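Q: What follows is model38.csv; its format and atoms are CSV, C-alpha atoms.
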chain,number,residue,atom,x,y,z
A,895,MET,CA,124.1,91.7,80.2
A,896,THR,CA,124.2,90.2,83.7
A,897,GLN,CA,123.3,91.4,87.2
A,898,LEU,CA,125.5,90.3,90.1
A,899,ILE,CA,123.6,89.2,93.2
A,900,GLU,CA,125.5,88.9,96.5
A,901,GLN,CA,123.8,88.0,99.7
A,902,GLU,CA,124.8,86.2,102.9
A,903,ALA,CA,122.9,84.7,105.8
A,904,GLU,CA,123.4,82.5,108.9
A,905,VAL,CA,121.1,79.7,109.8
A,906,PRO,CA,119.2,80.5,113.0
A,907,ALA,CA,118.0,77.9,115.6
A,908,ASP,CA,114.4,77.7,114.2
A,909,LEU,CA,115.7,76.5,110.8
A,910,ALA,CA,118.0,73.9,112.1
A,911,GLY,CA,117.3,70.4,110.6
A,912,LYS,CA,115.5,71.9,107.6
A,913,ARG,CA,116.4,71.0,104.0
A,914,LEU,CA,119.0,73.3,102.5
A,915,ASP,CA,116.6,74.6,99.8
A,916,GLN,CA,113.9,75.2,102.4
A,917,ALA,CA,116.3,77.2,104.7
A,918,ALA,CA,117.5,79.2,101.7
A,919,ALA,CA,114.0,80.1,100.7
A,920,GLU,CA,113.4,81.4,104.2
A,921,LEU,CA,116.7,83.3,104.4
A,922,PHE,CA,116.6,84.7,100.8
A,923,PRO,CA,112.9,85.5,100.4
A,924,ASP,CA,113.5,87.7,97.4
A,925,PHE,CA,114.0,84.7,95.2
A,926,SER,CA,111.8,81.7,94.3
A,927,ARG,CA,112.6,78.3,95.7
A,928,ALA,CA,113.0,76.9,92.2
A,929,LYS,CA,115.6,79.6,91.4
A,930,LEU,CA,117.5,78.9,94.6
A,931,GLN,CA,117.6,75.2,93.8
A,932,GLN,CA,119.0,76.0,90.4
A,933,TRP,CA,121.7,78.1,92.0
A,934,LEU,CA,122.5,75.3,94.4
A,935,LYS,CA,123.1,72.9,91.5
A,936,GLU,CA,125.3,75.5,89.8
A,937,GLY,CA,127.4,76.1,92.9
A,938,GLN,CA,126.3,79.8,93.1
A,939,LEU,CA,124.6,79.2,96.4
A,940,THR,CA,126.9,77.5,98.9
A,941,ARG,CA,126.9,76.3,102.6
A,942,ASN,CA,130.0,77.0,104.6
A,943,ASP,CA,131.8,77.7,101.2
A,944,LEU,CA,131.0,74.2,100.0
A,945,GLN,CA,128.5,73.1,97.3
A,946,GLY,CA,125.6,71.2,98.7
A,947,LYS,CA,122.4,69.5,97.6
A,948,ALA,CA,118.9,70.7,98.1
A,949,LYS,CA,118.0,67.8,100.4
A,950,ASP,CA,121.0,68.4,102.8
A,951,LYS,CA,120.0,69.3,106.3
A,952,VAL,CA,121.3,72.6,107.7
A,953,GLN,CA,122.6,73.2,111.2
A,954,VAL,CA,122.6,76.3,113.5
A,955,GLY,CA,125.3,78.7,112.4
A,956,ASP,CA,125.7,77.4,108.9
A,957,ARG,CA,126.7,80.2,106.6
A,958,LEU,CA,124.8,80.4,103.3
A,959,LEU,CA,126.4,82.5,100.6
A,960,LEU,CA,124.6,83.5,97.5
A,961,ARG,CA,126.9,84.9,94.8
A,962,ALA,CA,125.0,84.5,91.5
A,963,GLU,CA,124.7,86.1,88.1
A,964,GLN,CA,121.2,86.9,86.8
A,965,GLU,CA,121.4,86.6,83.0
A,966,GLN,CA,119.6,88.8,80.7
A,967,GLN,CA,116.1,87.3,80.5
A,968,VAL,CA,114.4,89.1,77.6
A,969,SER,CA,115.5,89.2,73.9
A,970,ASP,CA,112.6,91.2,72.6
A,971,ARG,CA,113.6,94.7,71.4
A,972,PRO,CA,112.6,97.9,73.2
A,973,GLN,CA,110.1,100.1,71.3
A,974,ASP,CA,109.2,103.7,72.0
A,975,LEU,CA,105.5,103.2,72.4
A,976,ALA,CA,103.0,105.4,74.4
A,977,LEU,CA,102.5,104.2,78.0
A,978,ASP,CA,99.9,105.5,80.4
A,979,VAL,CA,102.0,105.3,83.6
A,980,VAL,CA,99.8,105.4,86.8
A,981,PHE,CA,102.6,104.9,89.3
A,982,GLU,CA,106.3,104.2,89.3
A,983,ASP,CA,109.1,103.7,91.7
A,984,ASP,CA,112.3,101.6,91.9
A,985,SER,CA,110.3,98.4,92.4
A,986,LEU,CA,107.0,98.8,90.5
A,987,LEU,CA,105.5,100.1,87.3
A,988,VAL,CA,101.7,100.4,87.2
A,989,ILE,CA,100.2,100.9,83.8
A,990,ASN,CA,96.7,101.7,82.4
A,991,LYS,CA,96.8,99.4,79.3
A,992,PRO,CA,94.7,100.5,76.4
A,993,ALA,CA,92.4,98.1,74.6
A,994,GLY,CA,94.0,96.7,71.5
A,995,MET,CA,97.5,96.3,73.0
A,996,VAL,CA,98.9,92.8,73.2
A,997,VAL,CA,100.9,92.1,76.4
A,998,HIS,CA,103.5,89.5,75.2
A,999,PRO,CA,104.9,89.0,71.7
A,1000,ALA,CA,103.4,86.0,70.0
A,1001,ALA,CA,102.6,84.6,66.5
A,1002,GLY,CA,101.1,87.5,64.6
A,1003,HIS,CA,102.2,90.0,67.2
A,1004,SER,CA,106.0,90.0,67.1
A,1005,ASP,CA,106.3,93.7,68.2
A,1006,GLY,CA,104.2,96.6,69.3
A,1007,THR,CA,103.4,94.9,72.6
A,1008,LEU,CA,103.3,96.0,76.2
A,1009,LEU,CA,106.6,94.1,76.7
A,1010,ASN,CA,108.3,96.0,74.0
A,1011,ALA,CA,107.1,99.3,75.5
A,1012,VAL,CA,108.2,98.6,79.1
A,1013,LEU,CA,111.6,97.5,77.9
A,1014,TYR,CA,112.1,100.9,76.3
A,1015,HIS,CA,110.6,102.7,79.3
A,1016,ALA,CA,112.8,100.8,81.8
A,1017,PRO,CA,115.8,99.1,80.1
A,1018,GLN,CA,116.8,97.3,83.3
A,1019,LEU,CA,113.7,95.0,82.8
A,1020,GLU,CA,115.7,93.0,80.3
A,1021,GLU,CA,117.4,91.4,83.4
A,1022,VAL,CA,114.0,90.3,84.9
A,1023,PRO,CA,112.1,87.2,83.6
A,1024,ARG,CA,109.3,88.2,81.2
A,1025,ALA,CA,110.4,91.8,81.6
A,1026,GLY,CA,108.7,91.9,85.0
A,1027,ILE,CA,105.2,91.2,83.7
A,1028,VAL,CA,103.6,89.0,86.4
A,1029,HIS,CA,100.0,88.9,85.1
A,1030,ARG,CA,98.2,89.8,81.9
A,1031,LEU,CA,95.2,91.3,80.3
A,1032,ASP,CA,93.7,90.1,77.1
A,1033,LYS,CA,94.5,92.2,74.1
A,1034,ASP,CA,91.1,93.9,74.0
A,1035,THR,CA,90.7,94.3,77.8
A,1036,SER,CA,91.8,97.7,79.1
A,1037,GLY,CA,93.0,98.8,82.5
A,1038,LEU,CA,95.5,98.3,85.3
A,1039,MET,CA,98.5,96.1,85.2
A,1040,VAL,CA,101.6,96.0,87.5
A,1041,VAL,CA,105.1,95.2,86.3
A,1042,ALA,CA,107.9,94.3,88.6
A,1043,LYS,CA,111.1,96.2,88.0
A,1044,THR,CA,113.4,93.9,90.0
A,1045,LEU,CA,113.6,90.1,90.5
A,1046,GLN,CA,112.9,90.6,94.2
A,1047,ALA,CA,109.7,92.6,93.4
A,1048,GLN,CA,108.6,90.0,90.9
A,1049,THR,CA,109.0,87.2,93.4
A,1050,ALA,CA,106.9,89.1,95.9
A,1051,LEU,CA,104.2,89.9,93.4
A,1052,VAL,CA,103.9,86.4,92.1
A,1053,ALA,CA,103.5,85.2,95.7
A,1054,GLN,CA,100.7,87.7,96.2
A,1055,LEU,CA,99.0,86.4,93.1
A,1056,GLN,CA,99.4,82.8,94.3
A,1057,ASP,CA,98.0,83.4,97.8
A,1058,ARG,CA,95.2,85.5,96.3
A,1059,SER,CA,96.0,88.6,98.3
A,1060,MET,CA,96.4,90.9,95.3
A,1061,GLY,CA,93.1,92.7,94.7
A,1062,ARG,CA,91.8,93.1,91.2
A,1063,GLU,CA,88.4,94.5,90.3
A,1064,TYR,CA,86.9,94.9,86.8
A,1065,ASP,CA,84.0,96.8,85.2
A,1066,ALA,CA,82.0,94.8,82.6
A,1067,VAL,CA,78.8,95.2,80.6
A,1068,THR,CA,76.8,92.1,80.0
A,1069,LEU,CA,74.0,91.0,77.7
A,1070,GLY,CA,70.8,90.5,79.5
A,1071,VAL,CA,69.6,91.7,82.9
A,1072,LEU,CA,71.2,90.2,86.0
A,1073,THR,CA,68.8,90.2,88.9
A,1074,SER,CA,71.5,90.2,91.6
A,1075,GLY,CA,75.1,89.7,92.3
A,1076,GLY,CA,76.8,86.5,93.4
A,1077,LYS,CA,79.8,84.2,93.0
A,1078,VAL,CA,80.8,81.9,90.2
A,1079,ASP,CA,82.9,79.0,91.5
A,1080,ALA,CA,83.5,76.9,88.4
A,1081,PRO,CA,86.8,75.4,87.3
A,1082,LEU,CA,88.2,76.3,83.9
A,1083,GLY,CA,90.2,74.4,81.3
A,1084,ARG,CA,90.7,74.3,77.6
A,1085,HIS,CA,87.6,73.9,75.5
A,1086,PRO,CA,87.4,70.2,74.3
A,1087,LYS,CA,86.9,71.2,70.7
A,1088,ASP,CA,88.6,74.6,70.4
A,1089,ARG,CA,92.0,74.9,72.0
A,1090,LYS,CA,92.0,78.7,71.7
A,1091,ARG,CA,89.0,78.9,74.0
A,1092,GLN,CA,88.5,78.2,77.7
A,1093,ALA,CA,85.5,76.5,79.2
A,1094,VAL,CA,83.9,75.5,82.5
A,1095,VAL,CA,84.9,71.9,82.9
A,1096,VAL,CA,83.6,69.1,85.1
A,1097,SER,CA,87.0,67.5,85.9
A,1098,GLY,CA,90.6,68.4,85.4
A,1099,GLY,CA,90.1,72.2,85.4
A,1100,LYS,CA,91.9,74.8,87.5
A,1101,PRO,CA,89.9,76.3,90.3
A,1102,ALA,CA,88.4,79.6,89.3
A,1103,VAL,CA,86.3,82.0,91.5
A,1104,THR,CA,84.7,85.3,90.3
A,1105,HIS,CA,82.6,87.5,92.6
A,1106,TYR,CA,80.3,90.0,90.9
A,1107,ARG,CA,77.8,92.6,91.8
A,1108,VAL,CA,75.3,94.7,89.9
A,1109,VAL,CA,76.2,98.4,89.4
A,1110,GLN,CA,73.3,99.3,87.1
A,1111,ARG,CA,70.6,97.5,85.2
A,1112,PHE,CA,69.4,98.6,81.8
A,1113,ARG,CA,66.5,97.3,79.6
A,1114,ALA,CA,68.6,94.5,78.1
A,1115,HIS,CA,72.1,94.8,79.6
A,1116,THR,CA,73.8,95.1,83.0
A,1117,HIS,CA,76.8,97.0,84.3
A,1118,VAL,CA,78.6,94.7,86.7
A,1119,ARG,CA,81.7,94.9,88.8
A,1120,CYS,CA,83.7,91.7,89.1
A,1121,LYS,CA,86.4,90.8,91.7
A,1122,LEU,CA,88.8,88.1,90.9
A,1123,GLU,CA,89.7,85.5,93.6
A,1124,THR,CA,91.8,83.6,91.0
A,1125,GLY,CA,93.2,84.8,87.7
A,1126,ARG,CA,92.6,82.2,85.0
A,1127,THR,CA,92.8,82.9,81.2
A,1128,HIS,CA,89.5,84.6,80.1
A,1129,GLN,CA,88.1,83.9,83.5
A,1130,ILE,CA,85.5,86.8,83.7
A,1131,ARG,CA,84.5,86.3,80.1
A,1132,VAL,CA,83.9,82.6,80.5
A,1133,HIS,CA,82.2,82.8,83.9
A,1134,LEU,CA,79.7,85.4,82.8
A,1135,ALA,CA,79.0,83.5,79.6
A,1136,HIS,CA,78.4,80.5,81.9
A,1137,LEU,CA,75.7,82.5,83.6
A,1138,ARG,CA,74.2,83.2,80.2
A,1139,HIS,CA,75.2,86.8,80.5
A,1140,PRO,CA,78.2,87.1,78.2
A,1141,LEU,CA,80.1,90.4,77.7
A,1142,VAL,CA,79.0,93.0,75.1
A,1143,GLY,CA,81.3,92.8,72.1
A,1144,ASP,CA,83.0,89.5,73.1
A,1145,PRO,CA,83.9,87.9,69.8
A,1146,VAL,CA,84.7,84.5,71.4
A,1147,TYR,CA,82.1,83.9,74.1
A,1148,GLY,CA,79.5,86.6,73.3
A,1149,GLY,CA,77.0,84.6,71.2
A,1150,ARG,CA,74.4,86.2,69.1
A,1151,LEU,CA,73.9,90.0,69.2
A,1152,LYS,CA,70.8,91.1,71.0
A,1153,LEU,CA,69.3,94.6,70.6
A,1154,PRO,CA,66.8,96.2,72.9
A,1155,ALA,CA,63.3,96.3,71.3
A,1156,GLY,CA,62.6,99.9,70.2
A,1157,ALA,CA,66.2,101.0,70.7
A,1158,SER,CA,67.4,104.1,68.9
A,1159,GLU,CA,69.4,103.7,65.7
A,1160,GLU,CA,72.4,105.3,67.5
A,1161,LEU,CA,72.4,102.6,70.2
A,1162,LYS,CA,71.8,99.8,67.7
A,1163,GLU,CA,74.7,100.9,65.5
A,1164,PHE,CA,77.0,101.4,68.5
A,1165,LEU,CA,76.2,97.9,69.8
A,1166,ARG,CA,76.7,96.3,66.4
A,1167,ALA,CA,80.1,98.1,66.0
A,1168,PHE,CA,81.4,97.7,69.5
A,1169,PRO,CA,84.9,96.5,68.8
A,1170,ARG,CA,85.9,94.5,71.8
A,1171,GLN,CA,84.7,92.7,75.0
A,1172,ALA,CA,83.3,95.4,77.4
A,1173,LEU,CA,85.8,94.6,80.1
A,1174,HIS,CA,88.1,97.1,82.0
A,1175,ALA,CA,90.5,96.4,85.0
A,1176,ARG,CA,89.4,99.4,87.1
A,1177,SER,CA,91.3,98.9,90.4
A,1178,LEU,CA,94.4,97.1,91.7
A,1179,THR,CA,95.5,96.6,95.3
A,1180,LEU,CA,98.8,95.1,96.4
A,1181,VAL,CA,101.4,95.1,99.2
A,1182,HIS,CA,104.6,97.0,98.2
A,1183,PRO,CA,107.5,94.5,98.0
A,1184,LEU,CA,109.9,96.7,99.9
A,1185,SER,CA,107.9,99.0,102.2
A,1186,GLY,CA,105.1,96.5,103.1
A,1187,GLU,CA,102.6,99.3,102.6
A,1188,THR,CA,99.2,98.4,101.0
A,1189,LEU,CA,98.8,100.4,97.8
A,1190,SER,CA,95.7,100.9,95.7
A,1191,TRP,CA,95.0,102.5,92.3
A,1192,GLN,CA,91.9,103.1,90.3
A,1193,VAL,CA,91.4,104.3,86.7
A,1194,PRO,CA,88.2,105.5,85.0
A,1195,LEU,CA,86.4,103.7,82.3
A,1196,PRO,CA,87.8,104.2,78.8
A,1197,GLU,CA,85.8,106.4,76.4
A,1198,ASP,CA,84.2,103.5,74.5
A,1199,MET,CA,82.7,101.9,77.6
A,1200,GLN,CA,81.7,105.3,79.1
A,1201,LEU,CA,79.7,106.0,75.9
A,1202,LEU,CA,78.2,102.5,75.9
A,1203,LEU,CA,76.9,103.1,79.4
A,1204,THR,CA,75.6,106.5,78.5
A,1205,LEU,CA,73.7,105.2,75.5
A,1206,LEU,CA,72.2,102.3,77.5
A,1207,ASP,CA,71.1,104.8,80.3
A,1208,GLU,CA,69.5,107.1,77.7
A,1209,ASP,CA,67.7,104.1,76.1
A,1210,MET,CA,66.3,103.1,79.5
A,1211,ARG,CA,65.1,106.6,80.3
A,1212,GLU,CA,63.5,107.1,76.9
A,1213,ALA,CA,61.6,103.8,77.2
A,1214,LYS,CA,59.9,104.9,80.5
Is it possible to express this structure as structure tokens?

A:
Amino acid sequence: MTQLIEQEAEVPADLAGKRLDQAAAELFPDFSRAKLQQWLKEGQLTRNDLQGKAKDKVQVGDRLLLRAEQEQQVSDRPQDLALDVVFEDDSLLVINKPAGMVVHPAAGHSDGTLLNAVLYHAPQLEEVPRAGIVHRLDKDTSGLMVVAKTLQAQTALVAQLQDRSMGREYDAVTLGVLTSGGKVDAPLGRHPKDRKRQAVVVSGGKPAVTHYRVVQRFRAHTHVRCKLETGRTHQIRVHLAHLRHPLVGDPVYGGRLKLPAGASEELKEFLRAFPRQALHARSLTLVHPLSGETLSWQVPLPEDMQLLLTLLDEDMREAK
């Protein structure tokens, strides 16, 4: 299945002398520069009805014509899976992802993923790269994700992620008591000995910045709220572990289980059995790709994290 794209624009005076691909990126902002360069090579983007090269210089009044076919981008099959839809219009789909759901099909998870679910919910997403998924949450992290329902919306959302204007805030429960909030500015890269893990690296890592503040302290744990400035793989998990306050239940970065001295059997059993990293994407803020309006959503903590905080609060009160 293909989607026909037809757009036309005239080069204004302020773009005269620019490269053809640069001018096209300004005049057709719904598409990435890389995609426009591809269409130039294929002759689907022309100047004055002639095929040009990306490095050609444009002149005032040049007519750029985009007549391209967007091929079906996704081959994974749609599946009728439950989705907690927080918001939806013609451009965006905002979902509250449950813990335990994988975002993209991969080895060991060929179906039952968020991608399979959104393809069933909105079949037109097969024409959008990666079914419109522009960012991800780890399998066992719950909370808000946005999916772009059109190529134009996807380009706009990716730009917001790249310029760090998309706001994402997370609730987390850490081991140990944090004395105050702060900022972790530590680049991340692959762990030198375990390629499935990320690590703070001295050189060659990607910039990564996490802001965090204390919501509530308990006897041996802390409820923190983290705000991402960048969005690297496992970023919050690695950064808090770097502070020696890893997340409760984190099977990769959590280290040895620590139980509060004198804690109730109920709390000790709950901590031993907590099935995932205690991390939840609580809020999301972005600029709507069409209207330009700033939109925000917030979802409550899932039941397992609510119960964890309740038990930690009871433990603190009983110890007084």

Q: Do you have the CA of Pro1017 (chain A)-CA of Asp974 (chain A) distance handy?

A: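 Straight-line distance from CA of Pro1017 (chain A) to CA of Asp974 (chain A) works out to 11.4 Å.
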
Q: Using all atoms listed in the file, which of A:Arg1170, A:His1136, A:Lys1121, A:Lys1077 sits nearest Arg1058 (chain A)?

A: A:Lys1121

Q: Tell me which of A:Thr1116, A:Gln1200, A:Gln1129, A:Ser1059 sits closest to Thr1188 (chain A), counting all atoms listed in the file.

A: A:Ser1059

Q: Pick the closest to Leu898 (chain A) from A:Gln938, A:Ser1074, A:Thr1068, A:Ser1004: which is it, counting all atoms listed in the file?

A: A:Gln938

Q: Could you tell me how far CA of Ala976 (chain A) lies from CA of Lys1090 (chain A), in Å and to one decimal?

A: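 Computing it gives 29.0 Å between the two atoms.
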
Q: Env of Ser1036 (chain A): 9 Å cut, atoms = only C-alpha atoms, seq-sep filter 2 positions within chain, self excluded. Answer as a ChimeraX atom specification.

A: /A:990-995,1031-1034,1038,1172-1176,1195-1196

Q: Here's a test: counting all atoms listed in the file, identify every protein, DNA and RNA residue with an atom at most 10 Å from (65.9, 105.3, 76.6) in the file's coordinate frame, and state them as a list in words.

A: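 Selection result: Phe1112, Arg1113, Pro1154, Gly1156, Ala1157, Ser1158, Leu1161, Thr1204, Leu1205, Leu1206, Asp1207, Glu1208, Asp1209, Met1210, Arg1211, Glu1212, Ala1213 and Lys1214 of chain A.
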
Q: Between A:Val1071, A:Ile899, A:Leu930, A:Ala1167, which residue has the minimum interatomic distance to Glu1021 (chain A), considering all atoms listed in the file?

A: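 Smallest distance to Glu1021 (chain A) is found for A:Ile899.
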
Q: Counting all atoms listed in the file, which of A:Asp1005, A:Glu1063, A:Asp983, A:Asp950 gets nearest to Val1041 (chain A)?

A: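 Looking at the shortest contact to Val1041 (chain A), the residue is A:Asp983.
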
Q: Give me, as a Markdown table, each residue of region 931-1011 of chain A that comes within 9 Å of region 1042-1045 of chain A, together with its shortest interatomic pair and the distance in Å at one decimal, counting all atoms listed in the file, with rows ordered by chain and rising residue number.

A:
| residue | atom | partner | partner_atom | distance |
| --- | --- | --- | --- | --- |
| A:Asp983 | CA | A:Lys1043 | CA | 8.6 |
| A:Asp984 | CA | A:Lys1043 | CA | 6.8 |
| A:Ser985 | CA | A:Lys1043 | CA | 5.0 |
| A:Leu986 | CA | A:Ala1042 | CA | 5.0 |
| A:Leu987 | CA | A:Ala1042 | CA | 6.4 |
| A:Val988 | CA | A:Ala1042 | CA | 8.8 |

Q: Name all residues at most 6 Å from region 1022-1024 of chain A (count only C-alpha atoms; drop same-chain ones fewer than 2 positions away) and give them as a short mmCIF file (atom, residue, chain, number, x, y, z; two decimals) with C-alpha atoms, in the coordinates of the input.

A:
data_model
loop_
_atom_site.label_atom_id
_atom_site.label_comp_id
_atom_site.auth_asym_id
_atom_site.auth_seq_id
_atom_site.Cartn_x
_atom_site.Cartn_y
_atom_site.Cartn_z
CA GLN A 967 116.10 87.30 80.50
CA LEU A 1019 113.70 95.00 82.80
CA GLU A 1020 115.70 93.00 80.30
CA GLY A 1026 108.70 91.90 85.00
CA ILE A 1027 105.20 91.20 83.70
CA LEU A 1045 113.60 90.10 90.50
#

Q: Tell me which protein, DNA and RNA residues are within 10 Å of Thr1007 (chain A), counting only C-alpha atoms, leaving out same-chain ones fewer than 2 positions away, and put them as a compact mmCIF listing (two decimals) with C-alpha atoms, in the frame of the given file.

A:
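Written out: around-v3.txt:
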# COMPACT_ATOMS: atom_id res chain seq x y z
CA ASP A 970 112.60 91.20 72.60
CA PRO A 972 112.60 97.90 73.20
CA GLN A 973 110.10 100.10 71.30
CA LEU A 975 105.50 103.20 72.40
CA GLY A 994 94.00 96.70 71.50
CA MET A 995 97.50 96.30 73.00
CA VAL A 996 98.90 92.80 73.20
CA VAL A 997 100.90 92.10 76.40
CA HIS A 998 103.50 89.50 75.20
CA PRO A 999 104.90 89.00 71.70
CA ALA A 1000 103.40 86.00 70.00
CA HIS A 1003 102.20 90.00 67.20
CA SER A 1004 106.00 90.00 67.10
CA ASP A 1005 106.30 93.70 68.20
CA LEU A 1009 106.60 94.10 76.70
CA ASN A 1010 108.30 96.00 74.00
CA ALA A 1011 107.10 99.30 75.50
CA VAL A 1012 108.20 98.60 79.10
CA LYS A 1033 94.50 92.20 74.10

Q: Counting only C-alpha atoms, which of A:Gln1046, A:Val1040, A:Glu1187, A:Gln931 gets nearest to Phe981 (chain A)?

A: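 Distance minimum relative to Phe981 (chain A) lands on A:Val1040.
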